[in-house]
>>> print(open('upload31.txt').read())   # compact mmCIF, C-alpha atoms
# COMPACT_ATOMS: atom_id res chain seq x y z
CA MET S 275 3.01 16.28 -24.62
CA ARG S 276 3.59 13.73 -21.85
CA LYS S 277 0.51 11.95 -20.57
CA LYS S 278 0.01 11.85 -16.81
CA PRO S 279 0.54 8.33 -15.45
CA ILE S 280 -2.48 6.45 -14.09
CA ILE S 281 -2.29 6.15 -10.32
CA ILE S 282 -4.26 3.34 -8.65
CA GLY S 283 -4.60 3.34 -4.86
CA VAL S 284 -5.08 -0.08 -3.23
CA THR S 285 -5.92 -0.26 0.46
CA GLY S 286 -7.58 -2.46 3.11
CA GLY S 287 -6.64 -4.08 6.41
CA SER S 288 -3.44 -5.96 7.14
CA GLY S 289 -3.72 -9.48 5.73
CA GLY S 290 -6.71 -8.45 3.62
CA GLY S 291 -5.20 -9.22 0.23
CA LYS S 292 -4.03 -5.77 -0.96
CA THR S 293 -0.75 -7.08 -2.27
CA SER S 294 -2.40 -10.00 -4.10
CA VAL S 295 -4.87 -7.63 -5.79
CA SER S 296 -2.01 -5.29 -6.74
CA ARG S 297 0.00 -8.18 -8.21
CA ALA S 298 -3.04 -9.37 -10.19
CA ILE S 299 -3.22 -5.92 -11.81
CA LEU S 300 0.55 -5.84 -12.40
CA ALA S 301 0.46 -9.27 -14.02
CA ASN S 302 -2.22 -8.17 -16.48
CA PHE S 303 -0.14 -5.33 -17.93
CA THR S 304 3.18 -6.97 -18.74
CA ASP S 305 3.53 -4.92 -21.95
CA GLU S 306 3.01 -1.61 -20.19
CA LYS S 307 5.32 0.43 -18.01
CA ILE S 308 3.79 -0.32 -14.62
CA ALA S 309 5.18 -0.40 -11.07
CA MET S 310 4.00 -0.75 -7.48
CA ILE S 311 4.97 1.73 -4.76
CA GLU S 312 4.33 0.62 -1.18
CA HIS S 313 3.39 3.04 1.58
CA ASP S 314 5.41 0.80 3.93
CA SER S 315 8.58 2.08 2.22
CA TYR S 316 7.79 5.46 3.77
CA TYR S 317 7.75 4.53 7.44
CA LYS S 318 9.48 7.37 9.26
CA ASP S 319 13.20 7.36 10.00
CA GLN S 320 13.59 6.55 13.70
CA ALA S 321 17.39 6.63 13.93
CA HIS S 322 17.17 9.33 16.62
CA LEU S 323 15.32 6.93 18.98
CA THR S 324 16.78 4.10 21.04
CA PHE S 325 16.07 0.55 19.86
CA GLU S 326 13.76 0.05 22.88
CA GLU S 327 11.74 3.11 21.86
CA ARG S 328 11.59 2.02 18.21
CA VAL S 329 10.20 -1.41 19.11
CA LYS S 330 7.12 0.33 20.54
CA THR S 331 6.26 1.94 17.17
CA ASN S 332 2.61 1.69 16.20
CA TYR S 333 2.96 0.87 12.49
CA ASP S 334 -0.81 1.04 11.96
CA HIS S 335 -1.13 4.74 12.83
CA PRO S 336 -1.06 7.52 10.19
CA LEU S 337 1.74 9.29 12.08
CA ALA S 338 4.08 6.30 11.53
CA PHE S 339 4.34 7.24 7.84
CA ASP S 340 6.29 10.00 6.10
CA THR S 341 3.37 10.57 3.74
CA ASP S 342 4.72 14.03 2.85
CA LEU S 343 7.74 12.38 1.21
CA MET S 344 5.55 9.88 -0.65
CA ILE S 345 3.39 12.70 -2.05
CA GLU S 346 6.50 14.68 -3.01
CA GLN S 347 8.02 11.68 -4.82
CA LEU S 348 4.77 10.77 -6.58
CA ASN S 349 4.54 14.32 -7.87
CA GLU S 350 8.10 14.02 -9.20
CA LEU S 351 7.17 10.78 -10.98
CA ILE S 352 4.02 12.41 -12.41
CA GLU S 353 6.29 15.13 -13.83
CA GLY S 354 8.43 12.43 -15.46
CA ARG S 355 11.40 12.57 -13.08
CA PRO S 356 12.93 9.48 -11.38
CA VAL S 357 13.06 9.29 -7.56
CA ASP S 358 15.01 7.34 -4.93
CA ILE S 359 12.50 5.55 -2.71
CA PRO S 360 13.56 4.69 0.87
CA VAL S 361 13.97 1.11 2.07
CA TYR S 362 12.74 0.28 5.59
CA ASP S 363 14.67 -2.09 7.87
CA TYR S 364 12.13 -3.98 9.98
CA THR S 365 14.83 -5.69 12.05
CA GLN S 366 16.12 -2.30 13.25
CA HIS S 367 12.70 -0.58 13.22
CA THR S 368 14.03 2.36 11.23
CA ARG S 369 14.83 3.46 7.70
CA SER S 370 17.91 1.81 6.20
CA HIS S 371 20.66 3.69 4.37
CA LYS S 372 19.54 2.04 1.12
CA THR S 373 17.15 3.46 -1.47
CA TYR S 374 15.95 2.18 -4.82
CA ARG S 375 15.61 4.14 -8.03
CA GLN S 376 12.09 4.34 -9.43
CA GLU S 377 11.76 5.50 -13.01
CA PRO S 378 8.61 7.15 -14.40
CA GLN S 379 5.94 4.70 -15.63
CA ASP S 380 2.58 4.68 -17.41
CA VAL S 381 0.82 3.19 -14.37
CA PHE S 382 1.62 3.26 -10.65
CA ILE S 383 -0.10 1.10 -8.05
CA VAL S 384 0.15 2.83 -4.66
CA GLU S 385 -0.45 0.17 -2.01
CA GLY S 386 -0.81 0.35 1.77
CA ILE S 387 -3.17 0.25 4.73
CA LEU S 388 -3.54 4.04 4.90
CA VAL S 389 -3.10 5.30 1.32
CA LEU S 390 -6.66 6.70 1.26
CA GLU S 391 -6.32 8.42 4.65
CA ASP S 392 -4.60 11.59 3.39
CA LYS S 393 -6.68 13.75 1.04
CA ARG S 394 -3.55 15.03 -0.77
CA LEU S 395 -2.62 11.43 -1.64
CA ARG S 396 -6.18 10.53 -2.66
CA ASP S 397 -6.29 13.53 -4.96
CA LEU S 398 -3.37 12.13 -6.98
CA MET S 399 -5.23 8.87 -7.64
CA ASP S 400 -7.32 8.02 -10.71
CA ILE S 401 -8.76 4.79 -9.27
CA LYS S 402 -9.18 4.03 -5.55
CA LEU S 403 -9.70 0.43 -4.39
CA PHE S 404 -10.57 -0.93 -0.95
CA VAL S 405 -10.02 -4.66 -0.43
CA ASP S 406 -12.64 -5.66 2.14
CA THR S 407 -11.91 -8.90 4.00
CA ASP S 408 -13.42 -10.20 7.26
CA ASP S 409 -11.41 -9.70 10.47
CA ASP S 410 -11.16 -13.45 11.13
CA ILE S 411 -9.70 -14.16 7.68
CA ARG S 412 -7.19 -11.34 8.10
CA ILE S 413 -5.91 -12.51 11.51
CA ILE S 414 -5.53 -16.10 10.24
CA ARG S 415 -3.46 -14.83 7.29
CA ARG S 416 -1.43 -12.58 9.57
CA ILE S 417 -0.67 -15.42 12.00
CA LYS S 418 0.45 -17.66 9.12
CA ARG S 419 2.61 -14.93 7.55
CA ASP S 420 4.24 -13.69 10.76
CA MET S 421 5.04 -17.17 12.05
CA GLU S 422 6.42 -18.40 8.72
CA GLU S 423 8.17 -15.28 7.45
CA ARG S 424 9.04 -13.31 10.59
CA GLY S 425 9.57 -16.08 13.11
CA ARG S 426 7.14 -14.62 15.61
CA SER S 427 5.27 -16.49 18.34
CA LEU S 428 1.52 -17.01 18.23
CA ASP S 429 1.05 -15.13 21.51
CA SER S 430 2.94 -12.05 20.31
CA ILE S 431 0.96 -11.93 17.05
CA ILE S 432 -2.41 -12.24 18.83
CA ASP S 433 -1.40 -9.66 21.44
CA GLN S 434 -0.33 -7.15 18.77
CA TYR S 435 -3.46 -7.81 16.72
CA THR S 436 -5.91 -7.29 19.59
CA SER S 437 -4.10 -4.33 21.19
CA VAL S 438 -3.01 -2.39 18.08
CA VAL S 439 -3.89 -3.82 14.65
CA LYS S 440 -7.64 -4.34 15.11
CA PRO S 441 -8.39 -1.05 16.94
CA MET S 442 -6.29 0.92 14.41
CA TYR S 443 -8.15 -0.80 11.55
CA HIS S 444 -11.52 0.31 12.89
CA GLN S 445 -10.28 3.80 13.82
CA PHE S 446 -8.27 4.73 10.72
CA ILE S 447 -8.43 2.17 7.89
CA GLU S 448 -12.07 1.05 7.65
CA PRO S 449 -13.38 4.66 7.57
CA THR S 450 -11.38 5.27 4.34
CA LYS S 451 -13.65 2.76 2.57
CA ARG S 452 -16.02 5.65 1.80
CA TYR S 453 -13.37 7.21 -0.45
CA ALA S 454 -12.99 4.08 -2.61
CA ASP S 455 -14.32 3.96 -6.15
CA ILE S 456 -14.55 0.18 -5.91
CA VAL S 457 -14.82 -2.04 -2.81
CA ILE S 458 -13.54 -5.56 -3.50
CA PRO S 459 -14.94 -8.20 -1.12
CA GLU S 460 -12.57 -11.13 -0.56
CA GLY S 461 -9.70 -9.66 -2.52
CA VAL S 462 -8.00 -11.46 -5.39
CA SER S 463 -10.50 -14.36 -5.42
CA ASN S 464 -13.08 -11.81 -6.63
CA THR S 465 -12.16 -12.27 -10.29
CA VAL S 466 -15.08 -10.18 -11.56
CA ALA S 467 -13.82 -7.11 -9.70
CA ILE S 468 -10.23 -7.69 -10.85
CA ASP S 469 -11.40 -8.06 -14.47
CA LEU S 470 -13.43 -4.84 -14.22
CA ILE S 471 -10.42 -2.92 -12.89
CA ASN S 472 -8.09 -4.33 -15.54
CA THR S 473 -10.60 -3.40 -18.25
CA LYS S 474 -10.88 0.14 -16.89
CA VAL S 475 -7.09 0.58 -16.74
CA ALA S 476 -6.72 -0.84 -20.26
CA SER S 477 -9.31 1.64 -21.58
CA ILE S 478 -7.51 4.60 -19.96
CA LEU S 479 -4.19 3.39 -21.37
CA GLY S 480 -5.80 2.96 -24.79
CA ASP S 481 -7.09 6.54 -24.70
CA SER S 482 -3.69 7.87 -23.66
CA HIS S 483 -1.96 5.98 -26.50
CA SER S 484 -4.41 7.07 -29.18
>>> encode(input="upload31.txt", output="structure tokens")
Amino acid sequence: MRKKPIIIGVTGGSGGGKTSVSRAILANFTDEKIAMIEHDSYYKDQAHLTFEERVKTNYDHPLAFDTDLMIEQLNELIEGRPVDIPVYDYTQHTRSHKTYRQEPQDVFIVEGILVLEDKRLRDLMDIKLFVDTDDDIRIIRRIKRDMEERGRSLDSIIDQYTSVVKPMYHQFIEPTKRYADIVIPEGVSNTVAIDLINTKVASILGDSHS
């Protein structure tokens, strides 16, 4: 009989270190079948809107995500069937025509700012993590990332952060902390927390292999 894969939810604010924590877990299980699925892949298709309308998208709101599709595809993977995950085009602010094939694995890390917001998604998870990082650290990281990787101006980043990112964090993301099994202060630099999680995952994998 097939064993159900372990599903680990990793959430927290933008620039909080979710991806680094997820990669630290991935790196620890190189011999296992493990993969990361990002909630960002499931931003809604906006092809029906004009480009001007798409630019105004609030990417930090639960309604920006096609969470129904993510839940559907995770259930397929749990049943041992491969899925084609969408690829989002940030330059066009809509879903691209590309997808990527995800095969079933032993462990899935489900990462994103709102992965603990929907009860149906939470109910699929075996371990739920919230990476808790101070607002000032997160905006500094976001400024650095968006200027270096996305070519954005300092003013536009600060404006977006104060008008959308910060209020959405306090309205939708921070309240999901109460659903977390483990809250990780300061993200990947908290090696004790990362070691505890890796030990827990290893013990579940050991049980499933025995």
>>> closest_residue(input="upload31.txt", among="S:Asp342, S:Glu306, S:Asp429, S:Asp455", to="Gly283 (chain S)", atoms="only C-alpha atoms")
S:Asp455
>>> residues_around(input="upload31.txt", residues="region 307-319 of chain S", least_positions_apart="5", cutoff="7 Å", atoms="all atoms listed in the file", output="PDB file with C-alpha atoms, in the coordinates of the input")
ATOM      1  CA  LEU S 300       0.550  -5.840 -12.400  1.00  0.00           C
ATOM      2  CA  ALA S 338       4.080   6.300  11.530  1.00  0.00           C
ATOM      3  CA  PHE S 339       4.340   7.240   7.840  1.00  0.00           C
ATOM      4  CA  ASP S 340       6.290  10.000   6.100  1.00  0.00           C
ATOM      5  CA  THR S 341       3.370  10.570   3.740  1.00  0.00           C
ATOM      6  CA  MET S 344       5.550   9.880  -0.650  1.00  0.00           C
ATOM      7  CA  PRO S 360      13.560   4.690   0.870  1.00  0.00           C
ATOM      8  CA  VAL S 361      13.970   1.110   2.070  1.00  0.00           C
ATOM      9  CA  TYR S 362      12.740   0.280   5.590  1.00  0.00           C
ATOM     10  CA  THR S 368      14.030   2.360  11.230  1.00  0.00           C
ATOM     11  CA  ARG S 369      14.830   3.460   7.700  1.00  0.00           C
ATOM     12  CA  GLN S 379       5.940   4.700 -15.630  1.00  0.00           C
ATOM     13  CA  ASP S 380       2.580   4.680 -17.410  1.00  0.00           C
ATOM     14  CA  VAL S 381       0.820   3.190 -14.370  1.00  0.00           C
ATOM     15  CA  PHE S 382       1.620   3.260 -10.650  1.00  0.00           C
ATOM     16  CA  ILE S 383      -0.100   1.100  -8.050  1.00  0.00           C
ATOM     17  CA  VAL S 384       0.150   2.830  -4.660  1.00  0.00           C
ATOM     18  CA  GLU S 385      -0.450   0.170  -2.010  1.00  0.00           C
ATOM     19  CA  GLY S 386      -0.810   0.350   1.770  1.00  0.00           C
ATOM     20  CA  VAL S 389      -3.100   5.300   1.320  1.00  0.00           C
TER      21      VAL S 389
END
>>> closest_residue(input="upload31.txt", among="S:Glu422, S:Asp392, S:Glu353, S:Asp363", to="Leu337 (chain S)", atoms="all atoms listed in the file")
S:Asp392
>>> residues_around(input="upload31.txt", residues="region 346-348 of chain S", least_positions_apart="5", cutoff="9 Å", atoms="all atoms listed in the file", output="short mmCIF file (atom, residue, chain, number, x, y, z; two decimals) with C-alpha atoms, in the coordinates of the input")
data_model
loop_
_atom_site.label_atom_id
_atom_site.label_comp_id
_atom_site.auth_asym_id
_atom_site.auth_seq_id
_atom_site.Cartn_x
_atom_site.Cartn_y
_atom_site.Cartn_z
CA THR S 341 3.37 10.57 3.74
CA GLU S 353 6.29 15.13 -13.83
CA ARG S 355 11.40 12.57 -13.08
CA PRO S 356 12.93 9.48 -11.38
CA VAL S 357 13.06 9.29 -7.56
CA ASP S 358 15.01 7.34 -4.93
CA ILE S 359 12.50 5.55 -2.71
CA LEU S 395 -2.62 11.43 -1.64
CA LEU S 398 -3.37 12.13 -6.98
#
>>> residues_around(input="upload31.txt", residues="Ile387 (chain S)", least_positions_apart="4", cutoff="12 Å", atoms="all atoms listed in the file", output="PyMOL selection string")
chain S and resi 283-293+312-314+333-336+338-339+391-392+403-406+439+442-444+446-451
>>> write_last_selection(input="upload31.txt", atoms="C-alpha atoms", output="short mmCIF file (atom, residue, chain, number, x, y, z; two decimals), in the coordinates of the input")
data_model
loop_
_atom_site.label_atom_id
_atom_site.label_comp_id
_atom_site.auth_asym_id
_atom_site.auth_seq_id
_atom_site.Cartn_x
_atom_site.Cartn_y
_atom_site.Cartn_z
CA GLY S 283 -4.60 3.34 -4.86
CA VAL S 284 -5.08 -0.08 -3.23
CA THR S 285 -5.92 -0.26 0.46
CA GLY S 286 -7.58 -2.46 3.11
CA GLY S 287 -6.64 -4.08 6.41
CA SER S 288 -3.44 -5.96 7.14
CA GLY S 289 -3.72 -9.48 5.73
CA GLY S 290 -6.71 -8.45 3.62
CA GLY S 291 -5.20 -9.22 0.23
CA LYS S 292 -4.03 -5.77 -0.96
CA THR S 293 -0.75 -7.08 -2.27
CA GLU S 312 4.33 0.62 -1.18
CA HIS S 313 3.39 3.04 1.58
CA ASP S 314 5.41 0.80 3.93
CA TYR S 333 2.96 0.87 12.49
CA ASP S 334 -0.81 1.04 11.96
CA HIS S 335 -1.13 4.74 12.83
CA PRO S 336 -1.06 7.52 10.19
CA ALA S 338 4.08 6.30 11.53
CA PHE S 339 4.34 7.24 7.84
CA GLU S 391 -6.32 8.42 4.65
CA ASP S 392 -4.60 11.59 3.39
CA LEU S 403 -9.70 0.43 -4.39
CA PHE S 404 -10.57 -0.93 -0.95
CA VAL S 405 -10.02 -4.66 -0.43
CA ASP S 406 -12.64 -5.66 2.14
CA VAL S 439 -3.89 -3.82 14.65
CA MET S 442 -6.29 0.92 14.41
CA TYR S 443 -8.15 -0.80 11.55
CA HIS S 444 -11.52 0.31 12.89
CA PHE S 446 -8.27 4.73 10.72
CA ILE S 447 -8.43 2.17 7.89
CA GLU S 448 -12.07 1.05 7.65
CA PRO S 449 -13.38 4.66 7.57
CA THR S 450 -11.38 5.27 4.34
CA LYS S 451 -13.65 2.76 2.57
#
>>> atom_distance(input="upload31.txt", atom1="CA of Ile411 (chain S)", atom2="CA of Asn472 (chain S)")
25.3 Å
>>> residues_around(input="upload31.txt", residues="Val329 (chain S)", least_positions_apart="5", cutoff="9 Å", atoms="only C-alpha atoms", output="VMD selection string")
chain S and resid 324 366 to 367
>>> atom_distance(input="upload31.txt", atom1="CA of Ala467 (chain S)", atom2="CA of Val295 (chain S)")
9.8 Å
>>> closest_residue(input="upload31.txt", among="S:Leu343, S:Ile478, S:Ile468, S:Leu390", to="Ala301 (chain S)", atoms="all atoms listed in the file")
S:Ile468
>>> closest_residue(input="upload31.txt", among="S:Lys440, S:Arg452, S:Arg415, S:Lys402", to="Ile471 (chain S)", atoms="all atoms listed in the file")
S:Lys402
>>> atom_distance(input="upload31.txt", atom1="CA of Leu479 (chain S)", atom2="CA of Gly354 (chain S)")
16.6 Å
>>> axis_aligned_box(input="upload31.txt", around="region 381-393 of chain S", padding_each_side="6 Å", output="lines of an AutoDock Vina configuration file")
center_x = -2.5
center_y = 7.0
center_z = -4.7
size_x = 20.3
size_y = 25.6
size_z = 31.3
>>> closest_residue(input="upload31.txt", among="S:Tyr435, S:Pro279, S:Asn302, S:Ile413", to="Thr473 (chain S)", atoms="only C-alpha atoms")
S:Asn302
>>> closest_residue(input="upload31.txt", among="S:Ile345, S:Lys474, S:Gly480, S:Thr407", to="Val462 (chain S)", atoms="only C-alpha atoms")
S:Thr407
